[in-house]
>>> print(open('target32.tsv').read())   # TSV, C-alpha atoms and all ligand atoms
chain	number	residue	atom	x	y	z
Q	144	MET	CA	22.02	71.43	-43.73
Q	145	VAL	CA	24.85	72.15	-46.11
Q	146	ASN	CA	23.69	73.17	-49.55
Q	147	ASN	CA	25.25	75.03	-52.42
Q	148	ASN	CA	23.78	78.28	-51.32
Q	149	GLU	CA	25.42	78.09	-47.93
Q	150	ASN	CA	28.72	77.09	-49.43
Q	151	ASN	CA	28.57	80.12	-51.64
Q	152	SER	CA	27.80	82.46	-48.80
Q	153	SER	CA	30.49	81.10	-46.52
Q	154	SER	CA	33.02	81.48	-49.29
Q	155	SER	CA	32.59	85.25	-49.10
Q	156	PHE	CA	34.00	85.36	-45.57
Q	157	THR	CA	37.70	85.90	-45.07
Q	158	PRO	CA	39.53	83.36	-42.88
Q	159	ASP	CA	39.61	86.03	-40.17
Q	160	GLU	CA	35.83	86.38	-40.31
Q	161	VAL	CA	35.26	82.62	-40.29
Q	162	MET	CA	37.32	82.39	-37.11
Q	163	ARG	CA	35.86	85.54	-35.61
Q	164	TYR	CA	32.24	84.44	-36.09
Q	165	SER	CA	32.82	80.73	-35.47
Q	166	ARG	CA	30.74	80.69	-32.25
Q	167	HIS	CA	27.84	82.07	-34.26
Q	168	MET	CA	28.29	79.92	-37.31
Q	169	ILE	CA	28.60	76.69	-35.37
Q	170	MET	CA	24.98	77.08	-34.24
Q	171	ASP	CA	22.34	75.52	-36.48
Q	172	GLN	CA	20.14	78.60	-36.12
Q	173	VAL	CA	22.86	80.82	-37.56
Q	174	GLY	CA	25.28	78.87	-39.72
Q	175	PRO	CA	27.17	80.47	-42.60
Q	176	SER	CA	23.97	81.68	-44.26
Q	177	GLY	CA	22.74	83.34	-41.07
Q	178	GLN	CA	26.08	85.03	-40.56
Q	179	ARG	CA	25.82	86.18	-44.17
Q	180	SER	CA	22.44	87.78	-43.35
Q	181	ILE	CA	24.05	89.48	-40.37
Q	182	LYS	CA	26.81	90.78	-42.62
Q	183	GLN	CA	24.24	92.13	-45.08
Q	184	ALA	CA	22.13	93.73	-42.33
Q	185	ARG	CA	21.92	97.50	-42.00
Q	186	VAL	CA	21.03	98.71	-38.51
Q	187	LEU	CA	20.67	102.29	-37.32
Q	188	VAL	CA	21.33	102.99	-33.65
Q	189	VAL	CA	19.69	106.21	-32.45
Q	190	GLY	CA	21.88	107.61	-29.68
Q	191	ALA	CA	25.46	106.61	-28.85
Q	192	GLY	CA	24.74	106.73	-25.14
Q	193	GLY	CA	23.69	104.34	-22.42
Q	194	LEU	CA	21.64	101.99	-24.58
Q	195	GLY	CA	23.30	102.76	-27.90
Q	196	SER	CA	26.71	101.78	-26.49
Q	197	PRO	CA	26.00	98.15	-25.62
Q	198	VAL	CA	23.70	97.67	-28.62
Q	199	ALA	CA	26.18	99.01	-31.16
Q	200	THR	CA	29.03	97.12	-29.49
Q	201	TYR	CA	27.28	93.75	-29.72
Q	202	LEU	CA	26.11	94.44	-33.26
Q	203	ALA	CA	29.68	95.24	-34.27
Q	204	LEU	CA	31.17	92.24	-32.49
Q	205	GLY	CA	28.53	90.01	-34.06
Q	206	GLY	CA	29.34	91.21	-37.56
Q	207	VAL	CA	26.42	93.45	-38.56
Q	208	GLY	CA	27.72	94.75	-41.88
Q	209	LYS	CA	26.52	98.32	-41.71
Q	210	ILE	CA	25.91	100.15	-38.45
Q	211	GLY	CA	24.62	103.72	-38.47
Q	212	ILE	CA	24.97	105.92	-35.40
Q	213	VAL	CA	23.14	109.20	-34.98
Q	214	ASP	CA	24.12	111.47	-32.09
Q	215	PHE	CA	25.17	115.09	-31.78
Q	216	ASP	CA	26.50	115.16	-28.22
Q	217	VAL	CA	30.09	115.27	-27.05
Q	218	VAL	CA	31.41	112.84	-24.47
Q	219	ASP	CA	30.98	114.13	-20.94
Q	220	LEU	CA	32.66	112.74	-17.85
Q	221	SER	CA	29.20	111.93	-16.43
Q	222	ASN	CA	28.55	109.61	-19.42
Q	223	LEU	CA	31.37	107.25	-18.49
Q	224	GLN	CA	29.45	105.61	-15.65
Q	225	ARG	CA	27.57	103.59	-18.32
Q	226	GLN	CA	28.44	104.49	-21.92
Q	227	ILE	CA	30.95	101.81	-22.82
Q	228	LEU	CA	31.64	103.13	-26.33
Q	229	HIS	CA	33.56	106.04	-24.83
Q	230	SER	CA	36.50	106.17	-22.48
Q	231	THR	CA	38.26	108.74	-20.34
Q	232	ASN	CA	40.43	110.02	-23.17
Q	233	ASP	CA	37.33	110.70	-25.26
Q	234	VAL	CA	35.88	113.37	-22.96
Q	235	GLY	CA	35.11	116.42	-25.09
Q	236	LYS	CA	35.09	114.47	-28.36
Q	237	PRO	CA	31.94	114.04	-30.45
Q	238	LYS	CA	30.29	110.80	-29.38
Q	239	ILE	CA	29.97	109.54	-32.93
Q	240	GLU	CA	33.74	109.85	-33.32
Q	241	SER	CA	34.65	107.79	-30.27
Q	242	ALA	CA	31.79	105.40	-31.08
Q	243	LYS	CA	33.14	104.76	-34.56
Q	244	GLU	CA	36.69	104.29	-33.26
Q	245	SER	CA	35.56	101.82	-30.60
Q	246	LEU	CA	33.38	99.81	-32.98
Q	247	LEU	CA	36.02	99.55	-35.69
Q	248	ALA	CA	38.65	98.62	-33.11
Q	249	TYR	CA	36.38	95.76	-32.05
Q	250	ASN	CA	35.68	94.70	-35.61
Q	251	PRO	CA	37.37	96.25	-38.65
Q	252	ASN	CA	35.29	94.10	-41.02
Q	253	ILE	CA	32.19	96.24	-40.66
Q	254	GLU	CA	31.10	99.63	-41.94
Q	255	VAL	CA	30.17	102.34	-39.44
Q	256	VAL	CA	28.25	105.32	-40.79
Q	257	THR	CA	27.89	108.32	-38.49
Q	258	PHE	CA	25.43	111.20	-38.44
Q	259	GLU	CA	26.53	114.06	-36.21
Q	260	GLU	CA	23.18	115.76	-35.92
Q	261	PRO	CA	20.05	115.46	-33.84
Q	262	LEU	CA	17.46	113.17	-35.42
Q	263	VAL	CA	14.64	115.56	-36.33
Q	264	ALA	CA	11.68	115.59	-38.70
Q	265	ASP	CA	13.76	117.28	-41.41
Q	266	ASN	CA	16.45	114.61	-41.64
Q	267	ALA	CA	14.73	111.48	-40.28
Q	268	PHE	CA	13.62	109.90	-43.58
Q	269	LYS	CA	16.95	110.63	-45.21
Q	270	ILE	CA	18.86	109.03	-42.32
Q	271	ILE	CA	16.71	105.94	-41.79
Q	272	ASN	CA	16.24	105.19	-45.48
Q	273	ASP	CA	19.49	103.24	-45.78
Q	274	PHE	CA	18.70	100.97	-42.84
Q	275	ASP	CA	16.35	98.06	-42.27
Q	276	ILE	CA	16.17	98.05	-38.48
Q	277	ILE	CA	16.16	101.05	-36.14
Q	278	VAL	CA	17.34	100.58	-32.57
Q	279	ASN	CA	15.88	103.25	-30.33
Q	280	GLY	CA	18.03	104.45	-27.46
Q	281	ALA	CA	16.67	108.00	-27.39
Q	282	ASP	CA	16.64	109.83	-24.08
Q	283	ASN	CA	13.62	112.03	-24.75
Q	284	PHE	CA	10.01	111.68	-25.81
Q	285	ALA	CA	10.25	113.92	-28.88
Q	286	THR	CA	12.85	111.62	-30.46
Q	287	ARG	CA	10.93	108.50	-29.38
Q	288	TYR	CA	7.76	109.63	-31.17
Q	289	LEU	CA	9.78	110.76	-34.18
Q	290	VAL	CA	11.50	107.36	-34.46
Q	291	CYS	CA	8.14	105.64	-34.08
Q	292	ASP	CA	6.47	107.68	-36.84
Q	293	ALA	CA	9.39	107.74	-39.28
Q	294	ALA	CA	9.99	104.00	-38.93
Q	295	TYR	CA	6.31	103.17	-39.39
Q	296	LEU	CA	5.92	105.44	-42.43
Q	297	LYS	CA	9.05	103.90	-44.01
Q	298	LYS	CA	8.11	100.35	-42.96
Q	299	LYS	CA	11.10	99.71	-40.72
Q	300	THR	CA	11.30	97.57	-37.61
Q	301	VAL	CA	12.02	99.38	-34.32
Q	302	ILE	CA	13.85	97.69	-31.47
Q	303	ASP	CA	12.83	99.81	-28.52
Q	304	GLY	CA	14.34	100.10	-25.06
Q	305	SER	CA	14.42	102.51	-22.17
Q	306	VAL	CA	15.92	102.74	-18.71
Q	307	LEU	CA	15.43	104.92	-15.68
Q	308	LEU	CA	16.52	104.53	-12.07
Q	309	PHE	CA	16.65	100.75	-11.52
Q	310	ASP	CA	13.95	99.97	-14.10
Q	311	GLY	CA	14.16	99.03	-17.73
Q	312	GLN	CA	11.86	98.01	-20.53
Q	313	ALA	CA	12.14	96.71	-24.07
Q	314	THR	CA	9.91	95.71	-26.95
Q	315	VAL	CA	9.85	95.43	-30.75
Q	316	TYR	CA	7.53	97.25	-33.16
Q	317	LYS	CA	6.96	96.09	-36.69
Q	318	PRO	CA	4.66	97.97	-39.07
Q	319	GLY	CA	1.21	96.41	-38.74
Q	320	SER	CA	1.84	94.92	-35.30
Q	321	GLY	CA	1.52	98.05	-33.20
Q	322	CYS	CA	3.72	101.04	-32.50
Q	323	TYR	CA	4.88	103.27	-29.67
Q	324	ARG	CA	1.76	105.42	-30.14
Q	325	CYS	CA	-0.41	102.33	-29.62
Q	326	LEU	CA	1.31	101.84	-26.27
Q	327	TYR	CA	1.43	105.48	-25.23
Q	328	PRO	CA	-0.81	107.74	-27.35
Q	329	ALA	CA	0.69	110.89	-25.85
Q	330	PRO	CA	3.82	111.85	-23.92
Q	331	PRO	CA	3.66	112.95	-20.31
Q	332	PRO	CA	3.67	116.70	-19.75
Q	333	PRO	CA	7.24	118.00	-19.52
Q	334	GLY	CA	8.69	117.53	-16.05
Q	335	LEU	CA	6.32	114.78	-14.94
Q	336	VAL	CA	8.45	111.77	-15.87
Q	337	PRO	CA	12.06	112.63	-15.11
Q	338	SER	CA	14.95	111.98	-17.49
Q	339	CYS	CA	18.06	109.98	-16.59
Q	340	ALA	CA	19.90	113.26	-16.06
Q	341	GLU	CA	17.26	114.37	-13.59
Q	342	ALA	CA	16.54	111.08	-11.81
Q	343	GLY	CA	19.61	108.94	-12.41
Q	344	VAL	CA	20.08	105.44	-13.74
Q	345	LEU	CA	22.07	102.44	-12.61
Q	346	GLY	CA	24.73	102.20	-15.31
Q	347	ALA	CA	24.65	98.42	-15.51
Q	348	MET	CA	20.92	98.55	-16.34
Q	349	THR	CA	21.75	100.09	-19.72
Q	350	GLY	CA	23.86	97.02	-20.43
Q	351	LEU	CA	21.01	94.71	-19.50
Q	352	VAL	CA	18.40	96.45	-21.63
Q	353	GLY	CA	20.88	97.17	-24.44
Q	354	SER	CA	21.79	93.48	-24.59
Q	355	ILE	CA	18.12	92.61	-24.90
Q	356	GLN	CA	17.82	95.09	-27.77
Q	357	ALA	CA	20.92	93.66	-29.48
Q	358	THR	CA	19.59	90.12	-29.02
Q	359	GLU	CA	16.24	91.08	-30.55
Q	360	THR	CA	18.08	92.72	-33.45
Q	361	PHE	CA	20.02	89.52	-34.22
Q	362	LYS	CA	16.81	87.45	-33.94
Q	363	GLU	CA	15.07	89.82	-36.34
Q	364	ILE	CA	17.94	89.62	-38.83
Q	365	LEU	CA	18.09	85.83	-38.57
Q	366	GLY	CA	14.32	85.36	-38.47
Q	367	ILE	CA	14.58	83.02	-35.51
Q	368	GLY	CA	12.76	82.60	-32.20
Q	369	ASP	CA	9.80	84.56	-30.90
Q	370	SER	CA	10.35	88.27	-31.19
Q	371	LEU	CA	9.25	90.75	-28.53
Q	372	ILE	CA	6.60	92.03	-30.96
Q	373	GLY	CA	3.41	92.42	-28.92
Q	374	ARG	CA	5.24	91.97	-25.63
Q	375	LEU	CA	6.78	94.54	-23.32
Q	376	VAL	CA	9.54	93.26	-21.06
Q	377	LEU	CA	9.67	95.09	-17.75
Q	378	ILE	CA	12.71	94.75	-15.57
Q	379	ASP	CA	12.91	95.84	-11.96
Q	380	SER	CA	16.55	95.30	-11.14
Q	381	LEU	CA	16.13	95.90	-7.41
Q	382	SER	CA	14.03	92.76	-7.09
Q	383	MET	CA	15.49	91.32	-10.32
Q	384	ASP	CA	11.95	90.75	-11.37
Q	385	PHE	CA	11.31	90.29	-15.11
Q	386	ARG	CA	7.71	90.60	-16.25
Q	387	ILE	CA	6.11	90.56	-19.66
Q	388	MET	CA	3.04	92.64	-20.50
Q	389	LYS	CA	0.93	92.11	-23.60
Q	390	ILE	CA	0.82	95.06	-25.96
Q	391	LYS	CA	-1.67	95.30	-28.77
Q	392	GLN	CA	-2.14	97.18	-31.97
Q	393	ASP	CA	-4.71	99.87	-31.23
Q	394	PRO	CA	-7.34	100.23	-33.99
Q	395	ASN	CA	-7.68	103.87	-32.91
Q	396	CYS	CA	-3.95	104.59	-33.16
Q	397	PRO	CA	-3.46	107.88	-35.05
Q	398	LEU	CA	-0.43	106.39	-36.81
Q	399	CYS	CA	-1.05	102.69	-37.45
Q	400	GLY	CA	-4.78	102.40	-36.67
Q	401	ASP	CA	-7.73	101.95	-39.03
Q	402	ASN	CA	-8.15	105.68	-39.72
Q	403	PRO	CA	-4.70	107.19	-39.41
Q	404	THR	CA	-4.40	110.95	-39.02
Q	405	ILE	CA	-0.60	111.03	-38.97
Q	406	ASN	CA	0.54	110.48	-42.53
Q	407	GLU	CA	3.73	112.48	-42.38
Q	408	LEU	CA	6.20	113.65	-39.75
Q	409	ILE	CA	4.99	116.38	-37.40
Q	410	ASP	CA	6.54	118.95	-35.07
Q	411	TYR	CA	7.68	116.72	-32.19
Q	412	ASP	CA	8.78	119.51	-29.88
Q	413	GLN	CA	5.35	121.00	-30.13
Q	414	PHE	CA	3.74	117.57	-29.66
Q	415	CYS	CA	5.81	116.88	-26.55
Q	416	GLY	CA	5.79	120.46	-25.28
Q	417	THR	CA	9.58	120.46	-25.11
Q	418	ALA	CA	12.32	122.76	-26.26
Q	419	PRO	CA	14.11	121.87	-29.50
Q	420	LEU	CA	16.81	119.23	-29.01
Q	421	LYS	CA	19.82	121.50	-29.31
Q	422	GLU	CA	18.65	123.52	-26.34
Q	423	VAL	CA	17.72	120.50	-24.24
Q	424	HIS	CA	21.25	119.19	-24.52
Q	425	SER	CA	23.22	122.39	-24.31
P	7	MET	CA	-10.59	90.83	-1.59
P	8	THR	CA	-6.87	91.45	-1.88
P	9	ILE	CA	-5.52	93.30	-4.88
P	10	ASN	CA	-1.76	93.63	-5.31
P	11	VAL	CA	-0.71	97.01	-6.64
P	12	ARG	CA	2.63	97.68	-8.29
P	13	MET	CA	3.99	101.10	-9.10
P	14	ALA	CA	6.73	101.80	-11.65
P	15	ALA	CA	9.81	103.33	-10.03
P	16	VAL	CA	9.29	106.80	-11.52
P	17	ILE	CA	5.84	107.22	-9.97
P	18	GLN	CA	6.49	105.65	-6.58
P	19	LYS	CA	6.71	109.11	-5.08
P	20	ILE	CA	2.91	109.36	-5.24
P	21	THR	CA	2.55	106.28	-3.04
P	22	ASN	CA	5.12	107.28	-0.43
P	23	ASN	CA	7.88	105.41	-2.25
P	24	GLN	CA	6.01	102.14	-1.90
P	25	LYS	CA	6.63	99.91	-4.87
P	26	GLU	CA	4.12	97.27	-3.91
P	27	PHE	CA	1.16	97.34	-1.62
P	28	VAL	CA	-2.19	95.72	-1.11
P	29	SER	CA	-5.51	97.41	-1.72
P	30	GLU	CA	-9.02	96.44	-2.68
P	31	GLY	CA	-11.77	97.07	-5.17
P	32	SER	CA	-14.08	95.22	-7.55
P	33	ASN	CA	-12.95	97.13	-10.61
P	34	ILE	CA	-10.15	99.52	-11.52
P	35	LYS	CA	-12.17	102.66	-10.80
P	36	ASP	CA	-12.99	101.30	-7.37
P	37	LEU	CA	-9.38	100.40	-6.74
P	38	ILE	CA	-8.16	103.88	-7.67
P	39	GLN	CA	-10.66	105.40	-5.23
P	40	ASN	CA	-9.44	103.11	-2.47
P	41	ILE	CA	-5.79	103.89	-3.16
P	42	GLU	CA	-6.68	107.59	-3.14
P	43	LYS	CA	-7.93	107.21	0.44
P	44	GLU	CA	-4.56	105.91	1.51
P	45	PHE	CA	-2.46	108.19	-0.70
P	46	PRO	CA	-4.32	111.47	-1.24
P	47	GLY	CA	-3.48	112.92	-4.64
P	48	PHE	CA	-3.01	109.50	-6.25
P	49	LYS	CA	-6.10	109.82	-8.42
P	50	ASN	CA	-4.97	113.11	-9.96
P	51	HIS	CA	-1.74	111.51	-11.07
P	52	ILE	CA	-3.56	108.65	-12.77
P	53	LEU	CA	-6.74	110.23	-14.14
P	54	THR	CA	-7.46	113.40	-16.08
P	55	ASP	CA	-10.03	115.95	-14.93
P	56	SER	CA	-12.58	114.11	-17.06
P	57	ASN	CA	-11.80	110.85	-15.24
P	58	GLU	CA	-9.92	109.15	-18.03
P	59	VAL	CA	-6.57	107.45	-17.63
P	60	HIS	CA	-3.73	109.76	-18.72
P	61	GLN	CA	-2.51	108.87	-22.21
P	62	PHE	CA	1.08	108.52	-21.05
P	63	LEU	CA	0.18	105.90	-18.50
P	64	ASN	CA	-1.07	102.36	-18.80
P	65	ILE	CA	-2.80	100.22	-16.24
P	66	TYR	CA	-2.41	96.47	-16.46
P	67	VAL	CA	-4.47	93.75	-14.84
P	68	ASN	CA	-1.85	91.03	-14.61
P	69	ASP	CA	-0.40	91.20	-18.16
P	70	GLU	CA	-3.40	92.81	-19.90
P	71	ASP	CA	-3.77	96.52	-20.66
P	72	ILE	CA	-7.15	97.72	-19.40
P	73	ARG	CA	-7.67	99.75	-22.59
P	74	PHE	CA	-8.22	96.43	-24.35
P	75	LEU	CA	-10.46	95.09	-21.57
P	76	SER	CA	-13.20	97.32	-20.10
P	77	ASN	CA	-10.99	100.26	-19.19
P	78	LEU	CA	-11.78	101.66	-15.73
P	79	GLU	CA	-14.75	99.30	-15.48
P	80	THR	CA	-12.49	96.26	-15.84
P	81	ALA	CA	-13.43	93.81	-13.09
P	82	ILE	CA	-10.63	92.64	-10.82
P	83	LYS	CA	-10.50	89.76	-8.43
P	84	ASP	CA	-8.66	88.47	-5.41
P	85	GLY	CA	-4.98	87.96	-6.15
P	86	ASP	CA	-4.82	90.09	-9.30
P	87	VAL	CA	-1.73	92.23	-9.79
P	88	ILE	CA	-2.50	95.75	-11.00
P	89	SER	CA	0.46	97.67	-12.45
P	90	PHE	CA	0.66	101.40	-13.10
P	91	LEU	CA	3.21	102.09	-15.82
P	92	PRO	CA	4.00	105.49	-17.28
P	93	ALA	CA	6.03	105.95	-20.46
P	94	LEU	CA	9.79	106.04	-19.92
P	95	ALA	CA	12.05	107.99	-22.21
P	96	GLY	CA	15.43	107.31	-20.71
P	97	GLY	CA	17.98	105.87	-23.06
P	98	SER	CA	20.55	108.30	-21.78
P	99	PHE	CA	22.44	109.82	-24.69
Q	501	ZN	ZN	0.13	102.43	-33.48
>>> encode(input="target32.tsv", output="structure tokens", more="lines below")
Ligand SMILES: [Zn+2]
Amino acid sequence: MVNNNENNSSSSFTPDEVMRYSRHMIMDQVGPSGQRSIKQARVLVVGAGGLGSPVATYLALGGVGKIGIVDFDVVDLSNLQRQILHSTNDVGKPKIESAKESLLAYNPNIEVVTFEEPLVADNAFKIINDFDIIVNGADNFATRYLVCDAAYLKKKTVIDGSVLLFDGQATVYKPGSGCYRCLYPAPPPPGLVPSCAEAGVLGAMTGLVGSIQATETFKEILGIGDSLIGRLVLIDSLSMDFRIMKIKQDPNCPLCGDNPTINELIDYDQFCGTAPLKEVHS
Amino acid sequence: MTINVRMAAVIQKITNNQKEFVSEGSNIKDLIQNIEKEFPGFKNHILTDSNEVHQFLNIYVNDEDIRFLSNLETAIKDGDVISFLPALAGGSF
């Protein structure tokens, strides 16, 4: 399938890149033109934590040209059980700093853009605007609904994942094919569904779900395979049982339904009944 | 009539830490009432005061969300797997 177009695109890779990405490029489904799409892709990873770590790492290794990371936490010793972007020497450092260092050490050919702030209604559009795909690794419902709404209103694809205890789940939302609000119209009352900090999580599970999110991101960039759009993968690692549930676009969805009532970003702390992010994490 | 019930890890507390168990019922409403007999308090975790499924929780018959079937009236049959799945937020920053 060699044509002029592909020759042109492959010529823009340095010899280092050709060697580095050779296991990608040798596959018919990727090839030089696919790797070129990967290089041109702009992916925002929300959270440089349990899920954000493996996702951003695989995106960087695979040559995603521009990776954005938004996180405002500093590395804590308790993060190191799962967050592979950070290491022991990074404790106390802003996560975006150690994340950027790790990603560029893995692959200096990419651009890493960092946002050291919580993703909130005030900055969400500004931050996501420069990206085509948003990977959601948020640890709280307020940020999850914010990512859902902002991405839908700006017509971005969301690669969603979450983990808790020994369970994990992942799916993909594309404007017009359903959203997080279609799946869960409202968050649980605070305290009902515990967070990872409260309930715990098997560290390796973040790698499993994060790898699924990274895989879906590459598929989306390359336009290959069957995406997880409309399907929710559920993983129970204790029985190593993988199940897939159908998810549908809800015509009554307040965001993406037939008569939407959410046409702009709202107050997500109020919606979720939670304290503003800074306080939650302090 | 044997219905297989599966609980997501985060809500297994309400069924005595049982992840999977067998119950019965001809529709979802029926099933919830039967589970309530075995695990008192179950119903309040699943349904609101006005007997609707909580918005942060989905119930699946095999791989179908009951909201897109007949909701609590959705008929179930021998061998079906009914899953109770609340929203998860954990990404762990
Ligand atoms: Zn929706």
>>> interface_residues(input="target32.tsv", of="chain P", to="chain Q", cutoff="9 Å", atoms="all atoms listed in the file", output="PyMOL selection string")
chain P and resi 14-17+60-64+66+68-71+74+92-99
>>> residues_around(input="target32.tsv", residues="Asn232 of chain Q", least_positions_apart="3", cutoff="12 Å", atoms="only C-alpha atoms", output="ChimeraX atom specification")
/Q:218-220,223,228-229,235-238,241
>>> atom_distance(input="target32.tsv", atom1="atom CA of Ala81 of chain P", atom2="atom CA of Pro46 of chain P")
23.1 Å
>>> residues_near_ligand(input="target32.tsv", ligand="ligand ZN 501 (chain Q)", cutoff="6 Å", atoms="all atoms listed in the file", output="mmCIF file with C-alpha atoms, keeping the file's coordinate frame")
data_model
loop_
_atom_site.group_PDB
_atom_site.id
_atom_site.type_symbol
_atom_site.label_atom_id
_atom_site.label_comp_id
_atom_site.auth_asym_id
_atom_site.auth_seq_id
_atom_site.Cartn_x
_atom_site.Cartn_y
_atom_site.Cartn_z
ATOM 1 C CA GLY Q 321 1.520 98.050 -33.200
ATOM 2 C CA CYS Q 322 3.720 101.040 -32.500
ATOM 3 C CA ARG Q 324 1.760 105.420 -30.140
ATOM 4 C CA CYS Q 325 -0.410 102.330 -29.620
ATOM 5 C CA GLN Q 392 -2.140 97.180 -31.970
ATOM 6 C CA ASP Q 393 -4.710 99.870 -31.230
ATOM 7 C CA CYS Q 396 -3.950 104.590 -33.160
ATOM 8 C CA LEU Q 398 -0.430 106.390 -36.810
ATOM 9 C CA CYS Q 399 -1.050 102.690 -37.450
ATOM 10 C CA GLY Q 400 -4.780 102.400 -36.670
#
>>> closest_residue(input="target32.tsv", among="P:Ile34, P:Met7, P:Leu91, P:Leu53", to="Asn77 of chain P", atoms="only C-alpha atoms")
P:Ile34
>>> atom_distance(input="target32.tsv", atom1="atom CA of Arg12 of chain P", atom2="atom CA of Leu345 of chain Q")
20.5 Å
>>> atom_distance(input="target32.tsv", atom1="atom CA of Asp401 of chain Q", atom2="atom CA of Ser320 of chain Q")
12.4 Å
>>> closest_residue(input="target32.tsv", among="P:Thr80, P:Ser32, P:Gln24, P:Asn50", to="Ile65 of chain P", atoms="all atoms listed in the file")
P:Thr80
>>> build_atoms(input="target32.tsv", residues="segment 56-73 of chain P", atoms="N, CA and C atoms", output="short mmCIF file (atom, residue, chain, number, x, y, z; two decimals), in the coordinates of the input")
data_model
loop_
_atom_site.label_atom_id
_atom_site.label_comp_id
_atom_site.auth_asym_id
_atom_site.auth_seq_id
_atom_site.Cartn_x
_atom_site.Cartn_y
_atom_site.Cartn_z
N SER P 56 -11.35 114.75 -16.59
CA SER P 56 -12.58 114.11 -17.06
C SER P 56 -12.59 112.60 -16.75
N ASN P 57 -11.79 112.23 -15.73
CA ASN P 57 -11.80 110.85 -15.24
C ASN P 57 -11.43 109.80 -16.28
N GLU P 58 -10.48 110.15 -17.13
CA GLU P 58 -9.92 109.15 -18.03
C GLU P 58 -8.47 108.93 -17.65
N VAL P 59 -7.97 107.73 -17.94
CA VAL P 59 -6.57 107.45 -17.63
C VAL P 59 -5.69 108.33 -18.52
N HIS P 60 -4.67 108.95 -17.93
CA HIS P 60 -3.73 109.76 -18.72
C HIS P 60 -3.17 108.93 -19.87
N GLN P 61 -2.96 109.60 -21.01
CA GLN P 61 -2.51 108.87 -22.21
C GLN P 61 -1.07 108.41 -22.15
N PHE P 62 -0.32 108.93 -21.16
CA PHE P 62 1.08 108.52 -21.05
C PHE P 62 1.25 107.43 -19.99
N LEU P 63 0.12 106.88 -19.57
CA LEU P 63 0.18 105.90 -18.50
C LEU P 63 -0.73 104.72 -18.83
N ASN P 64 -0.24 103.53 -18.58
CA ASN P 64 -1.07 102.36 -18.80
C ASN P 64 -1.30 101.61 -17.50
N ILE P 65 -2.46 101.03 -17.40
CA ILE P 65 -2.80 100.22 -16.24
C ILE P 65 -3.01 98.78 -16.71
N TYR P 66 -2.32 97.87 -16.07
CA TYR P 66 -2.41 96.47 -16.46
C TYR P 66 -3.07 95.65 -15.35
N VAL P 67 -3.96 94.77 -15.75
CA VAL P 67 -4.47 93.75 -14.84
C VAL P 67 -3.68 92.49 -15.20
N ASN P 68 -2.82 92.09 -14.30
CA ASN P 68 -1.85 91.03 -14.61
C ASN P 68 -1.08 91.46 -15.86
N ASP P 69 -1.18 90.75 -17.00
CA ASP P 69 -0.40 91.20 -18.16
C ASP P 69 -1.27 91.85 -19.24
N GLU P 70 -2.49 92.23 -18.90
CA GLU P 70 -3.40 92.81 -19.90
C GLU P 70 -3.63 94.30 -19.65
N ASP P 71 -3.52 95.09 -20.70
CA ASP P 71 -3.77 96.52 -20.66
C ASP P 71 -5.28 96.76 -20.57
N ILE P 72 -5.70 97.55 -19.58
CA ILE P 72 -7.15 97.72 -19.40
C ILE P 72 -7.83 98.41 -20.58
N ARG P 73 -7.05 99.11 -21.42
CA ARG P 73 -7.67 99.75 -22.59
C ARG P 73 -8.27 98.71 -23.53
#
